[in-house]
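Have a look at work.cif below; it lists mmCIF, C-alpha atoms.
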data_entry
#
loop_
_atom_site.group_PDB
_atom_site.id
_atom_site.type_symbol
_atom_site.label_atom_id
_atom_site.label_comp_id
_atom_site.auth_asym_id
_atom_site.auth_seq_id
_atom_site.Cartn_x
_atom_site.Cartn_y
_atom_site.Cartn_z
ATOM 1 C CA MET W 13 3.271 17.207 26.247
ATOM 2 C CA ASP W 14 3.810 13.630 27.354
ATOM 3 C CA ILE W 15 4.362 11.538 24.263
ATOM 4 C CA LEU W 16 4.049 7.758 24.056
ATOM 5 C CA LEU W 17 5.892 6.382 21.033
ATOM 6 C CA GLY W 18 5.389 2.738 20.056
ATOM 7 C CA VAL W 19 8.357 1.016 18.385
ATOM 8 C CA GLY W 20 7.942 -2.492 16.993
ATOM 9 C CA GLY W 21 11.168 -2.816 15.029
ATOM 10 C CA SER W 22 10.051 -1.913 11.510
ATOM 11 C CA GLU W 23 12.133 0.604 9.551
ATOM 12 C CA LEU W 24 9.167 2.970 9.701
ATOM 13 C CA SER W 25 9.060 2.682 13.499
ATOM 14 C CA TYR W 26 12.737 3.718 13.716
ATOM 15 C CA HIS W 27 12.036 6.579 11.349
ATOM 16 C CA ALA W 28 9.219 7.648 13.679
ATOM 17 C CA LEU W 29 11.624 7.469 16.627
ATOM 18 C CA GLU W 30 14.098 9.807 14.922
ATOM 19 C CA GLU W 31 11.393 12.270 13.925
ATOM 20 C CA THR W 32 9.822 12.220 17.380
ATOM 21 C CA VAL W 33 13.134 12.773 19.178
ATOM 22 C CA GLU W 34 13.921 15.672 16.859
ATOM 23 C CA ARG W 35 10.550 17.241 17.533
ATOM 24 C CA ALA W 36 10.732 16.633 21.284
ATOM 25 C CA GLN W 37 14.133 18.332 21.373
ATOM 26 C CA ALA W 38 12.561 21.385 19.767
ATOM 27 C CA THR W 39 9.398 21.462 21.899
ATOM 28 C CA GLY W 40 10.606 20.069 25.230
ATOM 29 C CA ASP W 41 8.102 17.200 25.106
ATOM 30 C CA GLU W 42 8.606 14.281 27.495
ATOM 31 C CA LEU W 43 9.062 11.036 25.588
ATOM 32 C CA THR W 44 8.328 7.465 26.599
ATOM 33 C CA VAL W 45 9.261 4.745 24.112
ATOM 34 C CA ALA W 46 7.156 1.579 24.371
ATOM 35 C CA ILE W 47 8.895 -1.402 22.778
ATOM 36 C CA PHE W 48 6.745 -4.235 21.498
ATOM 37 C CA HIS W 49 6.917 -7.283 19.282
ATOM 38 C CA ASN W 50 5.352 -6.775 15.867
ATOM 39 C CA GLU W 51 4.396 -10.087 14.239
ATOM 40 C CA GLU W 52 5.001 -8.531 10.841
ATOM 41 C CA VAL W 53 8.659 -7.811 11.711
ATOM 42 C CA SER W 54 11.492 -10.213 12.567
ATOM 43 C CA ALA W 55 13.114 -8.259 15.398
ATOM 44 C CA ASP W 56 13.143 -9.263 19.056
ATOM 45 C CA ALA W 57 12.675 -6.888 21.955
ATOM 46 C CA GLU W 58 16.394 -6.803 22.862
ATOM 47 C CA GLU W 59 17.402 -5.812 19.332
ATOM 48 C CA ILE W 60 14.816 -3.089 19.325
ATOM 49 C CA ARG W 61 15.879 -1.810 22.744
ATOM 50 C CA GLU W 62 19.514 -1.604 21.614
ATOM 51 C CA ARG W 63 18.568 0.311 18.494
ATOM 52 C CA VAL W 64 16.384 2.714 20.505
ATOM 53 C CA GLU W 65 19.142 3.250 23.099
ATOM 54 C CA THR W 66 21.676 3.907 20.347
ATOM 55 C CA THR W 67 19.439 6.517 18.735
ATOM 56 C CA LEU W 68 18.830 8.199 22.094
ATOM 57 C CA ALA W 69 22.556 8.216 22.861
ATOM 58 C CA GLU W 70 23.463 9.594 19.436
ATOM 59 C CA THR W 71 20.940 12.388 19.748
ATOM 60 C CA ASP W 72 21.825 13.002 23.414
ATOM 61 C CA PHE W 73 18.170 12.799 24.387
ATOM 62 C CA ASP W 74 16.681 11.259 27.511
ATOM 63 C CA ALA W 75 13.564 9.137 27.181
ATOM 64 C CA THR W 76 11.947 6.460 29.316
ATOM 65 C CA ILE W 77 11.937 3.014 27.712
ATOM 66 C CA ARG W 78 9.180 0.578 28.574
ATOM 67 C CA ARG W 79 8.329 -2.871 27.306
ATOM 68 C CA LEU W 80 4.887 -4.096 26.259
ATOM 69 C CA GLU W 81 4.891 -7.801 27.098
ATOM 70 C CA GLY W 82 1.600 -9.132 25.793
ATOM 71 C CA ASP W 83 0.597 -10.344 22.356
ATOM 72 C CA SER W 84 -1.765 -7.464 21.653
ATOM 73 C CA PRO W 85 0.580 -4.464 21.478
ATOM 74 C CA GLY W 86 -2.007 -2.132 19.935
ATOM 75 C CA SER W 87 -4.400 -2.668 22.812
ATOM 76 C CA GLU W 88 -1.636 -2.349 25.425
ATOM 77 C CA LEU W 89 -0.409 0.876 23.889
ATOM 78 C CA VAL W 90 -3.911 2.363 23.990
ATOM 79 C CA SER W 91 -4.384 1.251 27.629
ATOM 80 C CA MET W 92 -1.004 2.606 28.697
ATOM 81 C CA ALA W 93 -1.734 5.968 27.088
ATOM 82 C CA GLU W 94 -5.045 6.233 28.934
ATOM 83 C CA SER W 95 -4.026 4.894 32.340
ATOM 84 C CA ASP W 96 -0.777 6.874 32.496
ATOM 85 C CA GLY W 97 -2.244 10.098 31.151
ATOM 86 C CA PHE W 98 -0.215 10.504 27.974
ATOM 87 C CA ASP W 99 -1.228 13.401 25.723
ATOM 88 C CA ARG W 100 -0.437 11.692 22.460
ATOM 89 C CA ILE W 101 0.445 8.336 20.926
ATOM 90 C CA VAL W 102 2.942 8.351 18.051
ATOM 91 C CA LEU W 103 3.468 5.431 15.664
ATOM 92 C CA GLY W 104 5.338 4.892 12.427
ATOM 93 C CA GLY W 105 3.475 3.071 9.694
ATOM 94 C CA GLY W 106 2.020 2.999 6.228
ATOM 95 C CA GLU W 107 4.417 0.775 4.349
ATOM 96 C CA ARG W 108 4.526 1.040 0.568
ATOM 97 C CA SER W 109 4.596 -2.014 -1.696
ATOM 98 C CA THR W 110 6.997 -1.984 -4.653
ATOM 99 C CA LEU W 111 4.058 -0.892 -6.761
ATOM 100 C CA GLY W 112 3.609 2.043 -4.407
ATOM 101 C CA LYS W 113 0.398 1.249 -2.561
ATOM 102 C CA ILE W 114 0.346 2.201 1.099
ATOM 103 C CA GLN W 115 -0.923 -0.341 3.599
ATOM 104 C CA LEU W 116 -1.401 0.114 7.326
ATOM 105 C CA GLY W 117 -0.378 -2.726 9.591
ATOM 106 C CA ALA W 118 -2.735 -4.332 12.095
ATOM 107 C CA ILE W 119 -1.236 -2.581 15.137
ATOM 108 C CA VAL W 120 -1.466 0.915 13.656
ATOM 109 C CA GLU W 121 -4.994 0.212 12.527
ATOM 110 C CA PHE W 122 -6.058 -0.964 15.981
ATOM 111 C CA VAL W 123 -4.595 2.110 17.656
ATOM 112 C CA LEU W 124 -6.153 4.524 15.151
ATOM 113 C CA LEU W 125 -9.588 2.985 15.625
ATOM 114 C CA ASN W 126 -9.541 2.416 19.367
ATOM 115 C CA SER W 127 -7.473 5.136 20.978
ATOM 116 C CA GLN W 128 -9.170 7.902 22.972
ATOM 117 C CA THR W 129 -5.775 9.622 23.045
ATOM 118 C CA PRO W 130 -4.890 11.633 19.908
ATOM 119 C CA VAL W 131 -2.671 9.595 17.555
ATOM 120 C CA THR W 132 0.044 10.839 15.229
ATOM 121 C CA LEU W 133 1.004 8.507 12.381
ATOM 122 C CA ILE W 134 4.450 9.199 10.945
ATOM 123 C CA ARG W 135 4.959 7.944 7.411
ATOM 124 C CA MET G 1 4.885 -13.958 4.879
ATOM 125 C CA THR G 2 2.919 -16.435 2.822
ATOM 126 C CA ARG G 3 0.012 -15.220 0.782
ATOM 127 C CA ASP G 4 -2.955 -17.486 0.089
ATOM 128 C CA TYR G 5 -4.021 -18.260 -3.456
ATOM 129 C CA PRO G 6 -7.091 -19.991 -4.863
ATOM 130 C CA ASP G 7 -6.685 -23.771 -5.228
ATOM 131 C CA GLU G 8 -7.662 -23.758 -8.875
ATOM 132 C CA PRO G 9 -6.037 -21.706 -11.622
ATOM 133 C CA ALA G 10 -8.204 -19.217 -13.507
ATOM 134 C CA ASP G 11 -9.460 -19.791 -17.043
ATOM 135 C CA LYS G 12 -7.567 -18.397 -20.002
ATOM 136 C CA PHE G 13 -7.837 -14.620 -20.393
ATOM 137 C CA PRO G 14 -7.638 -12.767 -23.709
ATOM 138 C CA GLY G 15 -4.318 -10.988 -24.249
ATOM 139 C CA PRO G 16 -3.510 -7.722 -26.001
ATOM 140 C CA PRO G 17 -4.056 -6.247 -28.523
ATOM 141 C CA ARG G 18 -7.853 -6.108 -28.403
ATOM 142 C CA THR G 19 -10.458 -3.597 -29.441
ATOM 143 C CA VAL G 20 -13.641 -3.386 -27.376
ATOM 144 C CA THR G 21 -16.672 -1.110 -27.321
ATOM 145 C CA ASP G 22 -17.506 0.174 -23.852
ATOM 146 C CA ARG G 23 -21.031 0.498 -22.452
ATOM 147 C CA GLU G 24 -21.134 4.128 -23.627
ATOM 148 C CA GLY G 25 -20.439 2.997 -27.193
ATOM 149 C CA ARG G 26 -16.848 4.256 -27.202
ATOM 150 C CA GLU G 27 -14.245 2.234 -29.058
ATOM 151 C CA VAL G 28 -11.263 1.403 -26.851
ATOM 152 C CA GLU G 29 -8.026 -0.319 -27.826
ATOM 153 C CA LEU G 30 -6.263 -2.442 -25.211
ATOM 154 C CA LEU G 31 -2.546 -2.501 -25.938
ATOM 155 C CA ALA G 32 0.547 -3.876 -24.230
ATOM 156 C CA ALA G 33 2.680 -0.985 -23.019
ATOM 157 C CA ASP G 34 6.195 -0.403 -21.685
ATOM 158 C CA ALA G 35 8.635 2.410 -20.952
ATOM 159 C CA SER G 36 8.302 3.661 -24.550
ATOM 160 C CA ASP G 37 4.676 4.582 -23.771
ATOM 161 C CA HIS G 38 5.766 6.784 -20.867
ATOM 162 C CA ASP G 39 4.504 10.069 -22.349
ATOM 163 C CA GLY G 40 0.959 8.885 -23.021
ATOM 164 C CA VAL G 41 0.694 7.279 -19.586
ATOM 165 C CA LEU G 42 2.088 10.396 -17.887
ATOM 166 C CA GLU G 43 -0.496 12.497 -19.701
ATOM 167 C CA MET G 44 -3.253 10.307 -18.275
ATOM 168 C CA TYR G 45 -1.980 10.590 -14.701
ATOM 169 C CA LEU G 46 -1.584 14.354 -14.979
ATOM 170 C CA SER G 47 -5.317 14.607 -15.680
ATOM 171 C CA PHE G 48 -6.248 12.036 -13.022
ATOM 172 C CA ASP G 49 -8.905 13.152 -10.536
ATOM 173 C CA PRO G 50 -7.157 13.369 -7.123
ATOM 174 C CA ALA G 51 -10.359 12.050 -5.488
ATOM 175 C CA ASP G 52 -9.822 8.750 -7.323
ATOM 176 C CA ARG G 53 -6.395 8.170 -5.806
ATOM 177 C CA ALA G 54 -6.119 4.976 -3.795
ATOM 178 C CA GLN G 55 -3.624 4.076 -1.062
ATOM 179 C CA GLY G 56 -1.269 6.880 -2.035
ATOM 180 C CA ILE G 57 -1.134 6.284 -5.777
ATOM 181 C CA PRO G 58 -0.977 7.783 -8.285
ATOM 182 C CA PRO G 59 1.168 10.420 -6.597
ATOM 183 C CA ALA G 60 -0.055 14.001 -6.929
ATOM 184 C CA ARG G 61 3.007 15.974 -8.085
ATOM 185 C CA GLU G 62 4.403 15.502 -11.595
ATOM 186 C CA GLU G 63 7.890 14.784 -10.281
ATOM 187 C CA ALA G 64 6.549 12.056 -7.995
ATOM 188 C CA ILE G 65 4.462 10.626 -10.850
ATOM 189 C CA GLU G 66 7.652 10.427 -12.947
ATOM 190 C CA ASP G 67 9.469 8.459 -10.210
ATOM 191 C CA TRP G 68 6.502 6.172 -9.801
ATOM 192 C CA LEU G 69 6.257 5.551 -13.575
ATOM 193 C CA ASP G 70 9.947 4.585 -13.606
ATOM 194 C CA THR G 71 9.025 1.762 -11.223
ATOM 195 C CA ILE G 72 5.793 0.551 -12.756
ATOM 196 C CA LEU G 73 6.961 0.777 -16.390
ATOM 197 C CA GLY G 74 10.368 -0.639 -15.447
ATOM 198 C CA GLU G 75 12.002 -3.976 -16.181
ATOM 199 C CA ASP G 76 10.022 -7.127 -15.366
ATOM 200 C CA THR G 77 6.733 -5.240 -15.142
ATOM 201 C CA LEU G 78 3.759 -5.872 -17.431
ATOM 202 C CA ASN G 79 1.445 -3.083 -18.544
ATOM 203 C CA VAL G 80 -1.694 -2.670 -20.615
ATOM 204 C CA VAL G 81 -3.192 0.673 -21.593
ATOM 205 C CA ALA G 82 -6.713 1.517 -22.760
ATOM 206 C CA VAL G 83 -6.579 4.011 -25.625
ATOM 207 C CA HIS G 84 -9.541 6.018 -26.907
ATOM 208 C CA GLU G 85 -9.106 8.366 -29.877
ATOM 209 C CA GLY G 86 -5.337 8.401 -29.396
ATOM 210 C CA SER G 87 -5.345 9.160 -25.662
ATOM 211 C CA VAL G 88 -4.610 6.821 -22.782
ATOM 212 C CA VAL G 89 -7.769 6.650 -20.641
ATOM 213 C CA GLY G 90 -6.908 3.620 -18.522
ATOM 214 C CA HIS G 91 -3.849 1.726 -17.348
ATOM 215 C CA ALA G 92 -3.279 -1.592 -15.603
ATOM 216 C CA THR G 93 0.094 -2.730 -14.282
ATOM 217 C CA LEU G 94 1.737 -5.811 -12.775
ATOM 218 C CA VAL G 95 4.838 -5.180 -10.690
ATOM 219 C CA PRO G 96 6.991 -8.003 -9.240
ATOM 220 C CA ASP G 97 7.275 -8.069 -5.444
ATOM 221 C CA ARG G 98 10.157 -9.469 -3.393
ATOM 222 C CA HIS G 99 8.708 -12.972 -3.487
ATOM 223 C CA GLY G 100 8.457 -13.422 -7.248
ATOM 224 C CA GLU G 101 4.733 -12.784 -7.133
ATOM 225 C CA HIS G 102 3.099 -9.827 -8.886
ATOM 226 C CA GLU G 103 0.995 -6.990 -7.521
ATOM 227 C CA LEU G 104 -1.741 -5.589 -9.745
ATOM 228 C CA ALA G 105 -3.138 -2.085 -9.901
ATOM 229 C CA ILE G 106 -5.509 -0.401 -12.303
ATOM 230 C CA PHE G 107 -6.591 3.179 -12.969
ATOM 231 C CA VAL G 108 -9.296 4.517 -15.264
ATOM 232 C CA LEU G 109 -9.899 8.220 -15.929
ATOM 233 C CA GLN G 110 -13.088 9.426 -14.289
ATOM 234 C CA PRO G 111 -15.169 10.036 -17.487
ATOM 235 C CA PHE G 112 -14.391 6.476 -18.601
ATOM 236 C CA GLN G 113 -15.278 4.733 -15.339
ATOM 237 C CA GLY G 114 -18.338 2.499 -14.966
ATOM 238 C CA ALA G 115 -18.357 1.456 -18.621
ATOM 239 C CA GLY G 116 -16.576 -1.893 -18.440
ATOM 240 C CA ILE G 117 -13.137 -0.614 -19.431
ATOM 241 C CA GLY G 118 -11.610 -1.582 -16.088
ATOM 242 C CA THR G 119 -12.778 -5.174 -16.379
ATOM 243 C CA ASN G 120 -11.417 -5.403 -19.915
ATOM 244 C CA LEU G 121 -8.110 -3.872 -18.817
ATOM 245 C CA VAL G 122 -7.640 -6.347 -15.963
ATOM 246 C CA GLU G 123 -8.628 -9.334 -18.107
ATOM 247 C CA THR G 124 -6.282 -8.281 -20.899
ATOM 248 C CA LEU G 125 -3.405 -7.724 -18.472
ATOM 249 C CA LEU G 126 -3.995 -11.170 -16.952
ATOM 250 C CA GLY G 127 -4.033 -12.600 -20.504
ATOM 251 C CA LEU G 128 -0.634 -10.977 -21.099
ATOM 252 C CA ALA G 129 0.567 -12.354 -17.740
ATOM 253 C CA GLN G 130 -0.519 -15.876 -18.715
ATOM 254 C CA SER G 131 1.399 -15.645 -22.002
ATOM 255 C CA GLU G 132 4.473 -14.525 -20.032
ATOM 256 C CA GLY G 133 4.154 -17.458 -17.637
ATOM 257 C CA LEU G 134 3.203 -15.518 -14.499
ATOM 258 C CA GLU G 135 1.328 -17.557 -11.923
ATOM 259 C CA LYS G 136 0.646 -15.578 -8.790
ATOM 260 C CA VAL G 137 -1.064 -12.179 -8.873
ATOM 261 C CA TRP G 138 -2.365 -10.256 -5.868
ATOM 262 C CA LEU G 139 -3.721 -6.844 -5.059
ATOM 263 C CA THR G 140 -5.031 -4.760 -2.206
ATOM 264 C CA VAL G 141 -8.100 -2.572 -2.389
ATOM 265 C CA GLU G 142 -9.700 -0.219 0.097
ATOM 266 C CA ARG G 143 -12.601 -1.949 1.799
ATOM 267 C CA TRP G 144 -15.085 0.788 0.916
ATOM 268 C CA ASN G 145 -14.227 0.721 -2.798
ATOM 269 C CA ASP G 146 -17.212 -1.447 -3.797
ATOM 270 C CA PRO G 147 -16.953 -1.019 -7.598
ATOM 271 C CA ALA G 148 -13.315 -2.140 -7.567
ATOM 272 C CA VAL G 149 -13.949 -5.107 -5.264
ATOM 273 C CA ALA G 150 -16.864 -6.205 -7.480
ATOM 274 C CA LEU G 151 -14.706 -5.898 -10.593
ATOM 275 C CA TYR G 152 -11.906 -8.048 -9.155
ATOM 276 C CA LYS G 153 -14.382 -10.710 -7.959
ATOM 277 C CA LYS G 154 -16.021 -10.839 -11.373
ATOM 278 C CA VAL G 155 -12.646 -11.404 -13.013
ATOM 279 C CA GLY G 156 -11.911 -14.277 -10.602
ATOM 280 C CA PHE G 157 -9.901 -12.825 -7.720
ATOM 281 C CA GLU G 158 -10.620 -14.337 -4.315
ATOM 282 C CA THR G 159 -10.395 -12.468 -1.019
ATOM 283 C CA THR G 160 -7.489 -13.714 1.062
ATOM 284 C CA GLU G 161 -7.377 -11.150 3.865
ATOM 285 C CA ALA G 162 -10.277 -8.951 4.921
ATOM 286 C CA GLU G 163 -9.398 -7.907 8.468
ATOM 287 C CA SER G 164 -7.707 -4.600 7.609
ATOM 288 C CA PHE G 165 -8.717 -1.305 6.029
ATOM 289 C CA GLU G 166 -7.495 -2.884 2.818
ATOM 290 C CA ILE G 167 -8.847 -6.134 1.454
ATOM 291 C CA GLU G 168 -6.234 -8.414 -0.075
ATOM 292 C CA MET G 169 -7.240 -10.538 -3.059
ATOM 293 C CA SER G 170 -5.357 -13.024 -5.223
ATOM 294 C CA ILE G 171 -5.691 -15.098 -8.372
ATOM 295 C CA LEU G 172 -3.775 -18.121 -9.661
ATOM 296 C CA LEU G 173 -3.081 -18.057 -13.416
#

The structure given in the file should be rewritten as structure tokens.
Amino acid sequence: MDILLGVGGSELSYHALEETVERAQATGDELTVAIFHNEEVSADAEEIRERVETTLAETDFDATIRRLEGDSPGSELVSMAESDGFDRIVLGGGERSTLGKIQLGAIVEFVLLNSQTPVTLIR
Amino acid sequence: MTRDYPDEPADKFPGPPRTVTDREGREVELLAADASDHDGVLEMYLSFDPADRAQGIPPAREEAIEDWLDTILGEDTLNVVAVHEGSVVGHATLVPDRHGEHELAIFVLQPFQGAGIGTNLVETLLGLAQSEGLEKVWLTVERWNDPAVALYKKVGFETTEAESFEIEMSILL
């Protein structure tokens, strides 16, 4: 399968990266990592790219890294998945408050509602 | 992130302990609770209908419930339980977030829902919060959970964010 993983710099998005790499190593999936800016997170694209590259190097796994430039990352992720024929979109999300309630961020919600490509949410 | 709050503070709420009669004629005590009430609260969550879970809480497994109770009955939290004939049938909690504001959640056992206990629980917890000097209380609720949204509005919460699956509401004490 061709997997498109969105990473916006939240801890959950890095967790999703690790899980997805591990799974791709087992299944032989092709992985593309799309880096984007998440308004809810204070991390810039360069920081995120470095962290993604480090994880890929540490796990000795090859993936394509792309950058989503616009200010609507959810929409761009959905478009990229459709136009480039990806089989699946993967996102991390579902942050818990201290009290324990899970909330989905705006990007995850947009992708879940609008994607024609199957979506995996990693919590 | 800055959360919006109503401009005007809410009126004074009644604090615990209180005794009320619900719409089914059942007598219910509303009592302040803390870690020493762990066993009674655990008992309630063990008999909680999984269909009434919201946004991942209460957790399903006993071990996970125990971890969760450590947080919500922990230091700097405020709790009120509804007790009927010696058993905990409802629980409302306020847990501090990273910004010194407090998140509210409430759970009522299925046979005791729809009888006004939830409203009394929230009001009594907010009364306790006022006596402890808390000012900012917020919550999130699933958009389709009409009874809960109606309850929070009636108590005085205002919607601050309605664009997601979850509605965010807040009240100024």

Considering all atoms listed in the file, return as a PDB file with C-alpha atoms, in the coordinates of the input whatever protein or nucleic-acid residues lie within 12 Å of Thr19 (chain G), sequence-local ones (same chain, fewer than 2 positions apart) excluded.
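File written: out.pdb
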ATOM      1  CA  PRO G  14      -7.638 -12.767 -23.709  1.00  0.00           C
ATOM      2  CA  GLY G  15      -4.318 -10.988 -24.249  1.00  0.00           C
ATOM      3  CA  PRO G  16      -3.510  -7.722 -26.001  1.00  0.00           C
ATOM      4  CA  PRO G  17      -4.056  -6.247 -28.523  1.00  0.00           C
ATOM      5  CA  THR G  21     -16.672  -1.110 -27.321  1.00  0.00           C
ATOM      6  CA  ASP G  22     -17.506   0.174 -23.852  1.00  0.00           C
ATOM      7  CA  ARG G  26     -16.848   4.256 -27.202  1.00  0.00           C
ATOM      8  CA  GLU G  27     -14.245   2.234 -29.058  1.00  0.00           C
ATOM      9  CA  VAL G  28     -11.263   1.403 -26.851  1.00  0.00           C
ATOM     10  CA  GLU G  29      -8.026  -0.319 -27.826  1.00  0.00           C
ATOM     11  CA  LEU G  30      -6.263  -2.442 -25.211  1.00  0.00           C
ATOM     12  CA  LEU G  31      -2.546  -2.501 -25.938  1.00  0.00           C
ATOM     13  CA  VAL G  81      -3.192   0.673 -21.593  1.00  0.00           C
ATOM     14  CA  ALA G  82      -6.713   1.517 -22.760  1.00  0.00           C
ATOM     15  CA  VAL G  83      -6.579   4.011 -25.625  1.00  0.00           C
ATOM     16  CA  HIS G  84      -9.541   6.018 -26.907  1.00  0.00           C
ATOM     17  CA  ILE G 117     -13.137  -0.614 -19.431  1.00  0.00           C
ATOM     18  CA  ASN G 120     -11.417  -5.403 -19.915  1.00  0.00           C
ATOM     19  CA  LEU G 121      -8.110  -3.872 -18.817  1.00  0.00           C
ATOM     20  CA  THR G 124      -6.282  -8.281 -20.899  1.00  0.00           C
TER      21      THR G 124
END

*Can you list what the PyMOL selection byres ((chain G and resi 5-11) around 12) grabs from this structure, as number ranges by chain?*
G: 2-4, 12-14, 101, 123, 126-127, 129-130, 134-139, 153-161, 168-173

*asked:* Could you list, as a list of chain:residue names, every residue matched by the PyMOL selection byres ((chain W) within 6 of (chain G)) in this structure?
replied: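 In the shown coordinates, the PyMOL selection byres ((chain W) within 6 of (chain G)) covers W:Leu111, W:Lys113, W:Ile114.
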
*For the file shown, report as a list of chain:residue names the outcome of the PyMOL selection byres ((chain W and resi 42) around 12) at residue level.*
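Residues picked by the PyMOL selection byres ((chain W and resi 42) around 12): W:Met13, W:Asp14, W:Ile15, W:Leu16, W:Leu17, W:Thr32, W:Val33, W:Glu34, W:Arg35, W:Ala36, W:Gln37, W:Ala38, W:Thr39, W:Gly40, W:Asp41, W:Leu43, W:Thr44, W:Val45, W:Phe73, W:Asp74, W:Ala75, W:Thr76, W:Ile77, W:Phe98, W:Asp99, W:Arg100.
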
*Which distance in Å separates CA of Leu128 (chain G) and CA of Gly74 (chain G), to one decimal?*
16.1 Å

_For a test of reading the model, state the distance in Å between CA of Arg108 (chain W) and CA of Val123 (chain W), rounded to one decimal._
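Pair CA of Arg108 (chain W) / CA of Val123 (chain W) returns 19.4 Å.
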
_Which residue of G:Leu151, G:Glu85, G:Arg53, G:Arg143 approaches Gly116 (chain G) most closely, using all atoms listed in the file_ =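 Smallest distance to Gly116 (chain G) is found for G:Leu151.
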
All file atoms of region 43-47 of chain G boxed axis-aligned, 8 Å per side, centre plus edges, as JSON:
{"center_x": -2.9, "center_y": 12.5, "center_z": -17.2, "size_x": 20.8, "size_y": 20.3, "size_z": 21.0}

*asked:* My list of candidates is W:Ala118, W:Leu133, W:Glu51, W:Ile60. Which is closest to Asp83 (chain W) when distances are computed with all atoms listed in the file?
replied: W:Glu51

*Compile the contact shell of region 22-24 of chain W as a ChimeraX atom specification: residues with an atom at most 8 Å away, counting only C-alpha atoms, same-chain residues fewer than 5 positions apart removed.*
/W:53,104-107,134-135
